[in-house]
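A short worksheet on the structure shown next.
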Amino acid sequence: TESTTASSASSAAAHEAHPTSPLPSARSAAASSGVAPGHVRAVAERARFGRVPAYLQEVFEGLSEEQEYIEALPSLETEEEELGSKRPVRLLTEPERTALLRGLAARREQLSRCFEAELEAQTEEEWRVRVKDKYSGQVRQIDQDIAQMSQRYIFVSNED
């Protein structure tokens with residue numbers, strides 16, 4: 001009964017350390033199971049638990065390098081302007097992107113109005129199919145352009 005009392009006391013102490021956890025801590029569970037904590041750590045290190053796989057580390061490094069480059073572009077542009085040299089591409093500014101989106105939306109609206117007007121001009125089914133074919137490609141292209149403009153970073157040619 002003394003061992004049961006000691007075991008429940010250590011379980012209660014573990015529960016008090018983390019009152020929201022219904023289970024005893026991993027350390028107290030390992031100690032009560034008779035497995036040495038050093039052995040558990042050695043197995044975990046050998047199996048590489050909790051570590052990012054090597055192939056993902058390479059991907060993350062590449063992504064972080066790209067992110068650093070993108071974030072450094074505005075400062076690089078000001079340095080180059082001071083030196084007089086130009087890069088072949090630049091980052092599209094938010095006002096430019098907004099203006100392009102407004103223009104694309106206006107063009108899409110104009111195409112919709114023309115489409116409706118041409119459909120109402122004739123009731124013949126063959127005519128409707130031709131009108132639909134005429135406008136559907138243009139509308140699809142504008143929708144794709146709008147989707148591309150919603151990306152965070154857009155690079156454009158730096159030609160003046």
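Here's how to read the names in the structure tokens: chain A, B, ... by the order shown, residue numbers from 1 in each chain, ligand numbers from 1 in the order shown.
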query = If you count only C-alpha atoms, which residues fall within 12 Å of Leu101 in chain A, apart from same-chain ones fewer than 3 positions away, as a list in words?
reply = Glu94, Pro95, Glu96, Arg97, Thr98, Leu104, Ala105, Ala106, Arg107, Arg108, Ile142, Asp143, Gln144, Asp145, Ile146, Ala147, Gln148, Met149, Ser150 and Gln151 of chain A
Let me see the file: selected residues, N, CA, C and O atoms, as a JSON list (two decimals), in the first residue's frame.
```json
[["chain", "number", "residue", "atom", "x", "y", "z"],
["A", 94, "GLU", "N", 1.97, 48.54, -55.41],
["A", 94, "GLU", "CA", 0.55, 48.35, -55.10],
["A", 94, "GLU", "C", -0.36, 49.30, -55.89],
["A", 94, "GLU", "O", -1.39, 48.86, -56.40],
["A", 95, "PRO", "N", -0.02, 50.59, -56.03],
["A", 95, "PRO", "CA", -0.88, 51.46, -56.86],
["A", 95, "PRO", "C", -0.95, 51.00, -58.32],
["A", 95, "PRO", "O", -2.01, 51.07, -58.94],
["A", 96, "GLU", "N", 0.17, 50.52, -58.85],
["A", 96, "GLU", "CA", 0.16, 50.01, -60.23],
["A", 96, "GLU", "C", -0.73, 48.78, -60.34],
["A", 96, "GLU", "O", -1.52, 48.64, -61.29],
["A", 97, "ARG", "N", -0.61, 47.89, -59.37],
["A", 97, "ARG", "CA", -1.40, 46.66, -59.38],
["A", 97, "ARG", "C", -2.89, 46.99, -59.27],
["A", 97, "ARG", "O", -3.73, 46.44, -59.99],
["A", 98, "THR", "N", -3.24, 47.92, -58.40],
["A", 98, "THR", "CA", -4.64, 48.32, -58.22],
["A", 98, "THR", "C", -5.19, 48.94, -59.51],
["A", 98, "THR", "O", -6.32, 48.63, -59.90],
["A", 104, "LEU", "N", -8.70, 45.92, -65.75],
["A", 104, "LEU", "CA", -9.17, 44.59, -66.16],
["A", 104, "LEU", "C", -10.65, 44.41, -65.83],
["A", 104, "LEU", "O", -11.41, 43.84, -66.63],
["A", 105, "ALA", "N", -11.06, 44.88, -64.66],
["A", 105, "ALA", "CA", -12.47, 44.76, -64.28],
["A", 105, "ALA", "C", -13.36, 45.58, -65.22],
["A", 105, "ALA", "O", -14.43, 45.12, -65.63],
["A", 106, "ALA", "N", -12.90, 46.77, -65.61],
["A", 106, "ALA", "CA", -13.66, 47.61, -66.53],
["A", 106, "ALA", "C", -13.75, 46.95, -67.91],
["A", 106, "ALA", "O", -14.81, 46.95, -68.54],
["A", 107, "ARG", "N", -12.64, 46.36, -68.36],
["A", 107, "ARG", "CA", -12.65, 45.67, -69.66],
["A", 107, "ARG", "C", -13.59, 44.47, -69.63],
["A", 107, "ARG", "O", -14.32, 44.21, -70.59],
["A", 108, "ARG", "N", -13.59, 43.74, -68.52],
["A", 108, "ARG", "CA", -14.49, 42.58, -68.40],
["A", 108, "ARG", "C", -15.95, 43.03, -68.43],
["A", 108, "ARG", "O", -16.79, 42.41, -69.07],
["A", 142, "ILE", "N", -9.18, 37.43, -69.37],
["A", 142, "ILE", "CA", -9.24, 38.51, -68.37],
["A", 142, "ILE", "C", -9.35, 37.92, -66.97],
["A", 142, "ILE", "O", -8.70, 38.40, -66.04],
["A", 143, "ASP", "N", -10.15, 36.87, -66.80],
["A", 143, "ASP", "CA", -10.26, 36.23, -65.49],
["A", 143, "ASP", "C", -8.92, 35.66, -65.04],
["A", 143, "ASP", "O", -8.56, 35.75, -63.86],
["A", 144, "GLN", "N", -8.17, 35.07, -65.95],
["A", 144, "GLN", "CA", -6.84, 34.55, -65.62],
["A", 144, "GLN", "C", -5.90, 35.69, -65.23],
["A", 144, "GLN", "O", -5.13, 35.56, -64.27],
["A", 145, "ASP", "N", -5.97, 36.79, -65.96],
["A", 145, "ASP", "CA", -5.13, 37.95, -65.64],
["A", 145, "ASP", "C", -5.46, 38.51, -64.26],
["A", 145, "ASP", "O", -4.56, 38.86, -63.50],
["A", 146, "ILE", "N", -6.74, 38.58, -63.94],
["A", 146, "ILE", "CA", -7.15, 39.07, -62.61],
["A", 146, "ILE", "C", -6.64, 38.13, -61.53],
["A", 146, "ILE", "O", -6.15, 38.57, -60.49],
["A", 147, "ALA", "N", -6.70, 36.82, -61.76],
["A", 147, "ALA", "CA", -6.19, 35.86, -60.78],
["A", 147, "ALA", "C", -4.69, 36.02, -60.59],
["A", 147, "ALA", "O", -4.19, 35.95, -59.45],
["A", 148, "GLN", "N", -3.96, 36.27, -61.66],
["A", 148, "GLN", "CA", -2.51, 36.46, -61.54],
["A", 148, "GLN", "C", -2.19, 37.76, -60.80],
["A", 148, "GLN", "O", -1.20, 37.83, -60.07],
["A", 149, "MET", "N", -3.01, 38.77, -60.99],
["A", 149, "MET", "CA", -2.75, 40.05, -60.33],
["A", 149, "MET", "C", -3.03, 39.98, -58.82],
["A", 149, "MET", "O", -2.64, 40.89, -58.09],
["A", 150, "SER", "N", -3.67, 38.94, -58.36],
["A", 150, "SER", "CA", -3.95, 38.83, -56.93],
["A", 150, "SER", "C", -2.76, 38.24, -56.18],
["A", 150, "SER", "O", -2.80, 38.14, -54.95],
["A", 151, "GLN", "N", -1.70, 37.86, -56.88],
["A", 151, "GLN", "CA", -0.50, 37.36, -56.20],
["A", 151, "GLN", "C", 0.18, 38.51, -55.47],
["A", 151, "GLN", "O", 0.06, 39.67, -55.85]]
```
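Nearest residue to Arg152 in chain A, choosing from A:Ala36, A:Val59, A:Leu91, A:Val43 and counting only C-alpha atoms: A:Leu91.
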Minimum-distance residue to Lys132 in chain A, chosen among A:Phe60, A:Phe115, A:Tyr55, A:Tyr153 (using only C-alpha atoms) = A:Phe115
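Going from CA of Pro74 in chain A over to CA of Leu56 in chain A, you cover 28.8 Å.
In this structure, CA of Glu66 in chain A sits 16.6 Å away from CA of Val156 in chain A.
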